[in-house]
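Asks: Provided herewith: structure.txt, compact mmCIF, C-alpha atoms.
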# COMPACT_ATOMS: atom_id res chain seq x y z
CA MET A 1 -9.22 1.37 -32.87
CA THR A 2 -9.11 3.08 -29.48
CA LYS A 3 -7.43 6.48 -29.65
CA VAL A 4 -4.93 6.80 -26.80
CA PHE A 5 -2.99 9.84 -25.60
CA ILE A 6 -0.21 9.47 -23.02
CA ASP A 7 0.46 12.77 -21.29
CA GLY A 8 3.87 12.47 -19.67
CA SER A 9 5.18 9.84 -22.04
CA GLU A 10 8.85 10.51 -21.25
CA GLY A 11 8.71 9.37 -17.62
CA THR A 12 9.20 5.81 -16.38
CA THR A 13 5.47 5.03 -16.19
CA GLY A 14 4.70 6.53 -19.59
CA LEU A 15 7.60 4.77 -21.25
CA ARG A 16 6.51 1.38 -19.85
CA ILE A 17 2.96 1.98 -21.11
CA PHE A 18 4.38 2.70 -24.57
CA GLU A 19 6.40 -0.54 -24.40
CA ARG A 20 3.36 -2.62 -23.47
CA PHE A 21 1.35 -1.04 -26.31
CA GLU A 22 4.00 -1.68 -28.99
CA ASN A 23 2.43 -4.83 -30.43
CA ARG A 24 -1.22 -3.89 -29.91
CA ASP A 25 -3.30 -3.68 -33.08
CA ASP A 26 -6.39 -2.27 -31.37
CA ILE A 27 -4.85 1.07 -30.38
CA GLU A 28 -3.96 4.30 -32.16
CA ILE A 29 -1.42 6.34 -30.18
CA LEU A 30 -1.84 10.10 -30.52
CA LYS A 31 1.67 11.57 -30.34
CA ILE A 32 2.26 15.19 -29.38
CA SER A 33 5.36 17.04 -30.54
CA SER A 34 7.99 17.04 -27.81
CA GLU A 35 8.33 20.82 -27.93
CA LEU A 36 4.58 21.24 -27.34
CA ARG A 37 4.08 18.61 -24.64
CA LYS A 38 3.77 21.33 -21.95
CA ASP A 39 1.60 23.69 -24.00
CA PRO A 40 -1.89 23.58 -22.39
CA THR A 41 -3.68 24.47 -25.62
CA GLU A 42 -1.97 21.69 -27.56
CA VAL A 43 -2.31 19.17 -24.72
CA SER A 44 -6.03 19.98 -24.52
CA LYS A 45 -6.45 19.13 -28.20
CA PHE A 46 -4.90 15.71 -27.71
CA ILE A 47 -6.81 14.90 -24.52
CA ASN A 48 -10.14 15.78 -26.10
CA ALA A 49 -9.34 13.92 -29.32
CA SER A 50 -8.63 10.72 -27.40
CA ASP A 51 -10.89 7.95 -26.23
CA VAL A 52 -8.55 7.31 -23.31
CA THR A 53 -5.85 9.59 -21.90
CA PHE A 54 -3.18 8.32 -19.52
CA LEU A 55 -1.73 10.93 -17.16
CA CYS A 56 1.86 10.11 -16.15
CA LEU A 57 2.55 13.47 -14.52
CA PRO A 58 3.33 15.18 -11.21
CA ASP A 59 0.21 15.88 -9.16
CA ALA A 60 -0.21 19.57 -10.03
CA ALA A 61 0.19 18.87 -13.75
CA ALA A 62 -2.30 15.99 -13.55
CA ILE A 63 -4.89 18.22 -11.90
CA GLU A 64 -4.37 20.82 -14.63
CA ALA A 65 -4.64 18.17 -17.35
CA VAL A 66 -7.99 16.94 -15.99
CA SER A 67 -9.29 20.51 -16.08
CA LEU A 68 -8.47 20.64 -19.81
CA CYS A 69 -10.78 17.73 -20.60
CA THR A 70 -14.09 18.93 -22.02
CA ASN A 71 -14.97 15.80 -24.01
CA GLU A 72 -17.46 13.92 -21.83
CA ASN A 73 -16.58 10.66 -23.57
CA THR A 74 -12.85 10.80 -22.84
CA VAL A 75 -11.71 8.43 -20.10
CA ILE A 76 -8.86 9.68 -17.91
CA ILE A 77 -6.54 7.12 -16.29
CA ASP A 78 -4.36 9.04 -13.84
CA ALA A 79 -1.15 7.46 -12.56
CA SER A 80 -0.35 10.39 -10.23
CA THR A 81 -1.23 10.70 -6.54
CA ALA A 82 -3.65 13.55 -7.19
CA HIS A 83 -7.01 11.76 -7.38
CA ARG A 84 -6.66 8.46 -5.54
CA THR A 85 -8.99 9.46 -2.71
CA SER A 86 -11.10 11.93 -4.69
CA PRO A 87 -14.89 11.48 -4.92
CA GLY A 88 -16.02 10.35 -8.34
CA TRP A 89 -12.75 8.60 -9.17
CA ALA A 90 -12.64 4.81 -9.45
CA TYR A 91 -9.72 3.22 -7.60
CA GLY A 92 -7.78 1.09 -10.06
CA LEU A 93 -7.34 -2.13 -8.10
CA PRO A 94 -10.11 -4.30 -9.59
CA GLU A 95 -9.24 -7.41 -7.59
CA LEU A 96 -10.56 -5.82 -4.38
CA SER A 97 -14.21 -6.44 -5.25
CA SER A 98 -16.72 -6.71 -8.07
CA ALA A 99 -17.76 -3.16 -7.24
CA HIS A 100 -14.22 -1.89 -7.81
CA ARG A 101 -14.01 -3.69 -11.14
CA GLU A 102 -17.41 -2.35 -12.25
CA ALA A 103 -16.48 1.20 -11.23
CA ILE A 104 -13.42 0.94 -13.46
CA ARG A 105 -15.39 -0.58 -16.34
CA THR A 106 -18.00 2.16 -16.35
CA GLY A 107 -15.95 5.08 -15.05
CA LYS A 108 -14.62 8.13 -16.87
CA ARG A 109 -12.09 8.96 -14.15
CA ILE A 110 -9.79 6.22 -12.89
CA ALA A 111 -6.95 6.64 -10.39
CA VAL A 112 -4.09 4.14 -10.63
CA PRO A 113 -2.94 3.05 -7.13
CA GLY A 114 0.48 3.96 -5.82
CA CYS A 115 3.10 1.22 -5.95
CA TYR A 116 3.54 0.74 -2.19
CA ALA A 117 -0.20 1.23 -1.75
CA SER A 118 -0.96 -1.57 -4.21
CA GLY A 119 1.08 -4.04 -2.19
CA PHE A 120 -0.29 -2.82 1.13
CA ILE A 121 -3.95 -2.65 0.14
CA SER A 122 -3.87 -6.06 -1.55
CA LEU A 123 -2.93 -7.47 1.87
CA VAL A 124 -4.96 -5.34 4.27
CA TYR A 125 -8.26 -5.01 2.38
CA PRO A 126 -9.15 -8.74 2.43
CA LEU A 127 -8.14 -9.11 6.08
CA VAL A 128 -10.43 -6.24 7.08
CA LYS A 129 -13.22 -7.39 4.79
CA GLU A 130 -13.13 -10.95 6.15
CA GLY A 131 -13.15 -9.84 9.78
CA ILE A 132 -9.60 -10.85 10.67
CA LEU A 133 -7.90 -7.45 10.99
CA PRO A 134 -9.74 -4.95 13.21
CA LYS A 135 -9.97 -1.44 11.79
CA ASP A 136 -8.26 -0.02 14.88
CA TYR A 137 -5.24 -2.36 14.62
CA PRO A 138 -1.92 -0.43 14.92
CA VAL A 139 -0.70 -1.38 11.44
CA SER A 140 2.99 -1.37 10.53
CA CYS A 141 4.38 -1.83 7.05
CA PHE A 142 7.95 -2.40 5.86
CA ALA A 143 8.70 -2.24 2.14
CA ALA A 144 11.65 -2.44 -0.25
CA SER A 145 11.65 -1.02 -3.78
CA GLY A 146 13.91 -0.77 -6.78
CA TYR A 147 15.24 2.72 -7.43
CA SER A 148 13.05 3.24 -10.52
CA GLY A 149 10.21 4.01 -8.11
CA GLY A 150 11.86 7.36 -7.42
CA GLY A 151 11.57 8.56 -11.03
CA LYS A 152 14.14 10.06 -13.36
CA LYS A 153 16.10 11.97 -10.73
CA LEU A 154 16.71 8.97 -8.48
CA ILE A 155 17.39 6.71 -11.47
CA GLY A 156 20.04 9.19 -12.60
CA GLN A 157 21.66 9.20 -9.16
CA TYR A 158 21.84 5.41 -8.97
CA GLU A 159 23.05 4.96 -12.55
CA ASP A 160 25.66 7.72 -12.47
CA GLU A 161 29.06 6.09 -13.05
CA ALA A 162 30.60 8.58 -10.62
CA ARG A 163 27.96 8.04 -7.96
CA ASP A 164 28.69 8.14 -4.26
CA GLU A 165 29.28 4.72 -2.68
CA LYS A 166 26.24 5.27 -0.44
CA TYR A 167 24.02 4.29 -3.39
CA GLY A 168 25.29 0.74 -3.02
CA SER A 169 23.41 0.42 0.28
CA ALA A 170 19.79 0.56 1.39
CA ARG A 171 18.28 4.04 1.22
CA MET A 172 15.86 4.38 4.14
CA TYR A 173 13.40 7.26 3.83
CA GLY A 174 9.93 8.43 4.80
CA TRP A 175 11.11 9.33 8.31
CA SER A 176 8.47 12.05 8.77
CA GLN A 177 5.66 9.49 8.35
CA ALA A 178 4.14 11.68 5.64
CA HIS A 179 4.66 9.45 2.60
CA LYS A 180 2.33 10.40 -0.26
CA HIS A 181 0.77 6.91 -0.40
CA LEU A 182 -0.44 6.94 3.21
CA PRO A 183 -3.82 8.65 2.57
CA GLU A 184 -4.94 6.00 0.08
CA MET A 185 -3.54 3.18 2.22
CA LYS A 186 -5.85 4.31 5.02
CA ALA A 187 -8.87 5.42 2.98
CA ILE A 188 -9.21 2.43 0.66
CA THR A 189 -8.76 -0.22 3.37
CA GLY A 190 -10.97 1.57 5.90
CA ILE A 191 -8.48 1.31 8.76
CA GLU A 192 -8.76 4.01 11.41
CA ARG A 193 -5.20 5.31 11.47
CA GLU A 194 -2.43 5.74 8.95
CA PRO A 195 0.10 2.90 9.07
CA LEU A 196 3.53 3.20 10.59
CA PHE A 197 5.25 2.98 7.22
CA CYS A 198 8.97 2.28 6.71
CA PRO A 199 10.03 2.14 3.02
CA PHE A 200 13.47 1.88 1.48
CA THR A 201 15.06 1.66 -1.95
CA THR A 202 18.27 -0.09 -2.84
CA ASP A 203 20.60 -0.83 -5.73
CA TYR A 204 18.45 -2.61 -8.32
CA TYR A 205 16.16 -1.18 -10.98
CA SER A 206 12.67 -2.52 -10.29
CA GLY A 207 10.69 -4.85 -8.08
CA MET A 208 9.00 -4.42 -4.73
CA LEU A 209 8.33 -6.38 -1.55
CA VAL A 210 5.74 -5.09 0.93
CA GLN A 211 5.55 -6.75 4.35
CA LEU A 212 2.74 -6.58 6.92
CA PRO A 213 3.62 -8.04 10.36
CA LEU A 214 0.73 -9.07 12.62
CA TYR A 215 0.37 -10.07 16.27
CA THR A 216 -2.34 -12.73 16.33
CA GLU A 217 -3.45 -11.76 19.85
CA LEU A 218 -4.46 -8.32 18.55
CA LEU A 219 -6.53 -9.60 15.63
CA SER A 220 -10.33 -9.79 15.68
CA LYS A 221 -10.05 -13.54 16.10
CA LYS A 222 -7.23 -15.98 16.72
CA VAL A 223 -6.01 -17.33 13.40
CA THR A 224 -3.16 -19.53 12.24
CA PRO A 225 -0.88 -18.80 9.27
CA ALA A 226 -2.72 -21.55 7.39
CA GLU A 227 -6.06 -19.84 7.97
CA VAL A 228 -4.69 -16.50 6.80
CA GLN A 229 -3.28 -18.12 3.66
CA GLU A 230 -6.64 -19.76 3.02
CA CYS A 231 -8.37 -16.40 3.45
CA PHE A 232 -6.21 -14.84 0.72
CA ALA A 233 -6.49 -17.88 -1.55
CA LYS A 234 -10.30 -17.77 -1.43
CA TYR A 235 -10.49 -14.00 -1.72
CA TYR A 236 -8.36 -13.84 -4.86
CA GLU A 237 -9.51 -17.13 -6.39
CA GLY A 238 -9.71 -16.85 -10.17
CA GLU A 239 -7.82 -13.55 -10.39
CA LYS A 240 -5.19 -13.49 -13.15
CA PHE A 241 -3.07 -10.75 -11.61
CA ILE A 242 -2.81 -11.94 -8.00
CA LYS A 243 -1.32 -15.32 -7.09
CA VAL A 244 -1.46 -16.55 -3.50
CA HIS A 245 1.38 -18.97 -2.80
CA PRO A 246 0.90 -22.05 -0.59
CA LEU A 247 1.89 -21.73 3.03
CA GLY A 248 5.64 -22.20 3.39
CA ALA A 249 6.40 -21.42 -0.26
CA GLU A 250 9.35 -19.31 0.84
CA ALA A 251 11.12 -22.57 1.80
CA ASP A 252 11.55 -23.30 -1.91
CA LYS A 253 13.54 -20.06 -2.11
CA GLY A 254 15.84 -20.91 0.79
CA ASN A 255 13.51 -19.25 3.33
CA VAL A 256 14.20 -15.83 1.88
CA LEU A 257 12.32 -13.54 -0.51
CA TYR A 258 14.03 -11.22 -2.96
CA SER A 259 12.37 -7.91 -3.69
CA ASN A 260 13.33 -7.95 -7.39
CA GLU A 261 11.91 -11.40 -8.22
CA MET A 262 8.87 -9.94 -10.03
CA SER A 263 10.82 -7.34 -12.04
CA GLY A 264 9.43 -6.99 -15.55
CA ARG A 265 6.09 -8.62 -14.68
CA ASP A 266 2.62 -7.10 -14.33
CA ASP A 267 1.16 -9.41 -11.69
CA LEU A 268 1.52 -9.72 -7.92
CA CYS A 269 2.31 -12.62 -5.55
CA ILE A 270 1.26 -13.02 -1.92
CA TYR A 271 3.16 -15.00 0.72
CA VAL A 272 2.11 -15.96 4.26
CA THR A 273 4.49 -17.15 6.96
CA GLY A 274 4.91 -17.09 10.73
CA ASN A 275 3.62 -18.96 13.78
CA GLU A 276 0.66 -18.96 16.17
CA ASP A 277 1.80 -15.70 17.79
CA ARG A 278 3.23 -13.64 14.93
CA ILE A 279 2.33 -13.76 11.24
CA VAL A 280 3.91 -11.91 8.33
CA VAL A 281 2.10 -11.50 5.03
CA ALA A 282 3.93 -10.07 2.03
CA SER A 283 3.23 -8.97 -1.52
CA SER A 284 5.86 -9.16 -4.25
CA PHE A 285 5.50 -7.34 -7.58
CA ASP A 286 7.14 -4.86 -9.94
CA ASN A 287 6.76 -1.23 -8.84
CA LEU A 288 6.56 -0.32 -12.55
CA GLY A 289 4.21 -3.22 -13.37
CA LYS A 290 1.28 -3.96 -11.04
CA GLY A 291 2.52 -0.93 -9.10
CA ALA A 292 2.17 1.53 -12.00
CA SER A 293 2.06 0.96 -15.77
CA GLY A 294 0.77 -2.59 -15.69
CA ALA A 295 -2.09 -1.56 -13.41
CA ALA A 296 -2.90 1.38 -15.69
CA ILE A 297 -3.09 -0.88 -18.75
CA GLN A 298 -5.14 -3.47 -16.86
CA CYS A 299 -7.65 -0.70 -16.12
CA PHE A 300 -7.54 0.34 -19.79
CA ASN A 301 -8.28 -3.23 -20.85
CA ILE A 302 -11.28 -3.34 -18.52
CA VAL A 303 -12.56 -0.01 -19.89
CA THR A 304 -12.22 -1.17 -23.50
CA GLY A 305 -13.73 -4.60 -22.87
CA VAL A 306 -10.77 -6.76 -23.88
CA ASP A 307 -9.00 -9.47 -21.88
CA GLU A 308 -7.58 -7.81 -18.75
CA ALA A 309 -4.19 -9.37 -19.43
CA LYS A 310 -3.93 -8.26 -23.08
CA GLY A 311 -0.43 -6.95 -23.80
CA LEU A 312 0.79 -7.57 -20.26
CA ASN A 313 3.42 -9.89 -18.86
CA LEU A 314 2.02 -12.48 -16.42
In structure tokens, what does this structure look like?
Replies:
Amino acid sequence: MTKVFIDGSEGTTGLRIFERFENRDDIEILKISSELRKDPTEVSKFINASDVTFLCLPDAAAIEAVSLCTNENTVIIDASTAHRTSPGWAYGLPELSSAHREAIRTGKRIAVPGCYASGFISLVYPLVKEGILPKDYPVSCFAASGYSGGGKKLIGQYEDEARDEKYGSARMYGWSQAHKHLPEMKAITGIEREPLFCPFTTDYYSGMLVQLPLYTELLSKKVTPAEVQECFAKYYEGEKFIKVHPLGAEADKGNVLYSNEMSGRDDLCIYVTGNEDRIVVASSFDNLGKGASGAAIQCFNIVTGVDEAKGLNL
């Protein structure tokens, strides 16, 4: 039995991890008393008694929690932003390469990607790696998310029966171009500038759609939508958690994509559309699934040597 401690178990990410672990018979959950969950001495005991600790905390609290770990055998899986570009931390998107998967398997410190970052990096990384997208390309990204991505406060605002009518419309944000996911979006893909990133949330609980528009004349080589789709299909061939749809698959959906279609799932879908001049690639997934808790558990499964999909919804 793997001893697991979830620090921050009352947030959306922690609660989803608990849900996915409910029917697991290979895990012992170490549960801290609610009144002591912010007591550093007590938290330290639980972290160091665990084989694997999940951190579902704000950045400052996650950094403090890591400092409390003195057991060299304890694996930390951090779902916060704090360590995603830190040296010595494995980046928890194993589909990117065999090296990424091996770093997770053997690592003691694993950073779970941000939700928007997961969708963005799953699109950009292969295009850079395969020589299609130049590193100096002026990348733009447009993304829609369910309101659960904003945590308890935003969930409360959307689900308040007396809420303002504005919550029935799209909530555009990130105007300062300083979104917390931008550093990892740049660092992990190796692009030379942070993307022009335009996210928004709207009135549904979970699900995410990340779009990357491309001018073919600015790419490293002239490619067709079919060639881009083939690039993704080959790159992610055999991966359980990433499905690349055939070119034109959006036609089966009435030539539209809905950003909540993957709600409740732990995998990610990629679509390619466009023409010889302009191509759009998109990733669709659950911001709480492959964008948070599902990714954290996938990393846990890799660490513990079980099927990557164990306990997850694909």
Asks: What is the distance, in Å and to one decimal place, between CA of Arg193 in chain A and CA of Tyr271 in chain A?
Replies: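 Going from CA of Arg193 in chain A over to CA of Tyr271 in chain A, I get 24.5 Å.
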Asks: Under the rule that only C-alpha atoms are counted, which of A:Thr2, A:Gln229, A:Thr202, A:Asn287 is the nearest residue to His245 in chain A?
Replies: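 Smallest separation from His245 in chain A among the options: A:Gln229.
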Asks: Nearest residue to Val112 in chain A out of A:Pro126, A:Gly311, A:Pro94, A:Gly11, using only C-alpha atoms?
Replies: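 Among A:Pro126, A:Gly311, A:Pro94, A:Gly11, it is A:Pro94 that comes nearest to Val112 in chain A.
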Asks: Using only C-alpha atoms, which of the listed residues (A:Lys290, A:Lys234, A:Lys153, A:Lys186) sits closest to Gly92 in chain A?
Replies: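 Answer, going by the shortest atom-to-atom distance: A:Lys290.
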Asks: Give me the residues near His100 in chain A as a PyMOL selection string, where near means some atom within 12 Å (using only C-alpha atoms) and where sequence neighbours in that chain fewer than 3 positions away do not count.
Replies: chain A and resi 89-97+103-107+110-111+188+299+302
Asks: Which residues, written as a PDB file with C-alpha atoms, in the coordinates of the input, have at least one atom at most 12 Å from Lys240 in chain A, with all atoms listed in the file counted and residues fewer than 6 positions away on the same chain left out?
Replies:
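The result, written out as out38.pdb:
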ATOM      1  CA  PRO A  94     -10.110  -4.300  -9.590  1.00  0.00           C
ATOM      2  CA  GLU A  95      -9.240  -7.410  -7.590  1.00  0.00           C
ATOM      3  CA  ASP A 266       2.620  -7.100 -14.330  1.00  0.00           C
ATOM      4  CA  ASP A 267       1.160  -9.410 -11.690  1.00  0.00           C
ATOM      5  CA  LEU A 268       1.520  -9.720  -7.920  1.00  0.00           C
ATOM      6  CA  CYS A 269       2.310 -12.620  -5.550  1.00  0.00           C
ATOM      7  CA  LYS A 290       1.280  -3.960 -11.040  1.00  0.00           C
ATOM      8  CA  GLN A 298      -5.140  -3.470 -16.860  1.00  0.00           C
ATOM      9  CA  ASP A 307      -9.000  -9.470 -21.880  1.00  0.00           C
ATOM     10  CA  GLU A 308      -7.580  -7.810 -18.750  1.00  0.00           C
ATOM     11  CA  ALA A 309      -4.190  -9.370 -19.430  1.00  0.00           C
ATOM     12  CA  LYS A 310      -3.930  -8.260 -23.080  1.00  0.00           C
ATOM     13  CA  LEU A 312       0.790  -7.570 -20.260  1.00  0.00           C
ATOM     14  CA  ASN A 313       3.420  -9.890 -18.860  1.00  0.00           C
ATOM     15  CA  LEU A 314       2.020 -12.480 -16.420  1.00  0.00           C
TER      16      LEU A 314
END
Asks: Could you check which of A:Asn23, A:Thr85, A:Ser140, A:Thr273 is closest to Gly190 in chain A, using all atoms listed in the file?
Replies: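 Going through A:Asn23, A:Thr85, A:Ser140, A:Thr273 one by one, the smallest distance to Gly190 in chain A is for A:Thr85.
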Asks: Smallest atom-to-atom distance to Glu239 in chain A: which of A:Asp160, A:Gln177, A:Leu55, A:Ser98, using all atoms listed in the file?
Replies: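 Checking each of A:Asp160, A:Gln177, A:Leu55, A:Ser98 against Glu239 in chain A, counting all atoms listed in the file, the winner is A:Ser98.
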Asks: Will you model N, CA, C and O atoms for range 161-183 of chain A and pass it back as a compact mmCIF listing (two decimals), in the coordinates of the input?
Replies:
# COMPACT_ATOMS: atom_id res chain seq x y z
N GLU A 161 27.81 6.85 -13.21
CA GLU A 161 29.06 6.09 -13.05
C GLU A 161 29.93 6.65 -11.94
O GLU A 161 30.74 5.92 -11.35
N ALA A 162 29.79 7.95 -11.66
CA ALA A 162 30.60 8.58 -10.62
C ALA A 162 29.82 8.73 -9.31
O ALA A 162 30.14 9.57 -8.48
N ARG A 163 28.82 7.89 -9.13
CA ARG A 163 27.96 8.04 -7.96
C ARG A 163 28.71 7.80 -6.66
O ARG A 163 29.73 7.10 -6.62
N ASP A 164 28.17 8.36 -5.60
CA ASP A 164 28.69 8.14 -4.26
C ASP A 164 28.47 6.68 -3.85
O ASP A 164 27.46 6.07 -4.23
N GLU A 165 29.37 6.13 -3.07
CA GLU A 165 29.28 4.72 -2.68
C GLU A 165 28.04 4.43 -1.82
O GLU A 165 27.62 3.28 -1.70
N LYS A 166 27.44 5.49 -1.26
CA LYS A 166 26.24 5.27 -0.44
C LYS A 166 25.11 4.64 -1.24
O LYS A 166 24.23 3.97 -0.68
N TYR A 167 25.11 4.84 -2.57
CA TYR A 167 24.02 4.29 -3.39
C TYR A 167 24.13 2.76 -3.55
O TYR A 167 23.25 2.14 -4.14
N GLY A 168 25.18 2.18 -3.02
CA GLY A 168 25.29 0.74 -3.02
C GLY A 168 24.65 0.10 -1.81
O GLY A 168 24.68 -1.12 -1.65
N SER A 169 24.05 0.92 -0.94
CA SER A 169 23.41 0.42 0.28
C SER A 169 21.92 0.76 0.28
O SER A 169 21.42 1.45 -0.61
N ALA A 170 21.22 0.26 1.28
CA ALA A 170 19.79 0.56 1.39
C ALA A 170 19.58 2.04 1.71
O ALA A 170 20.29 2.62 2.53
N ARG A 171 18.61 2.63 1.03
CA ARG A 171 18.28 4.04 1.22
C ARG A 171 16.95 4.12 1.98
O ARG A 171 15.89 3.99 1.43
N MET A 172 17.06 4.32 3.29
CA MET A 172 15.86 4.38 4.14
C MET A 172 15.30 5.80 4.09
O MET A 172 16.04 6.77 4.25
N TYR A 173 13.99 5.92 3.90
CA TYR A 173 13.40 7.26 3.83
C TYR A 173 11.98 7.23 4.38
O TYR A 173 11.54 6.22 4.94
N GLY A 174 11.27 8.34 4.26
CA GLY A 174 9.93 8.43 4.80
C GLY A 174 9.91 8.63 6.31
O GLY A 174 8.93 8.29 6.98
N TRP A 175 10.96 9.21 6.86
CA TRP A 175 11.11 9.33 8.31
C TRP A 175 10.02 10.19 8.95
O TRP A 175 9.68 10.00 10.12
N SER A 176 9.48 11.14 8.20
CA SER A 176 8.47 12.05 8.77
C SER A 176 7.09 11.40 8.88
O SER A 176 6.16 12.01 9.39
N GLN A 177 6.95 10.18 8.38
CA GLN A 177 5.66 9.49 8.35
C GLN A 177 4.61 10.31 7.59
O GLN A 177 3.45 10.41 8.00
N ALA A 178 5.05 10.89 6.47
CA ALA A 178 4.14 11.68 5.64
C ALA A 178 4.23 11.23 4.19
O ALA A 178 4.05 12.05 3.27
N HIS A 179 4.53 9.95 3.97
CA HIS A 179 4.66 9.45 2.60
C HIS A 179 3.37 9.68 1.83
O HIS A 179 2.26 9.55 2.36
N LYS A 180 3.50 10.01 0.55
CA LYS A 180 2.33 10.40 -0.26
C LYS A 180 1.32 9.27 -0.47
O LYS A 180 0.18 9.52 -0.85
N HIS A 181 1.71 8.02 -0.23
CA HIS A 181 0.77 6.91 -0.40
C HIS A 181 -0.08 6.64 0.84
O HIS A 181 -1.06 5.89 0.77
N LEU A 182 0.26 7.24 1.96
CA LEU A 182 -0.44 6.94 3.21
C LEU A 182 -1.94 7.25 3.16
O LEU A 182 -2.75 6.46 3.67
N PRO A 183 -2.37 8.38 2.58
CA PRO A 183 -3.82 8.65 2.57
C PRO A 183 -4.64 7.56 1.90
O PRO A 183 -5.70 7.15 2.41
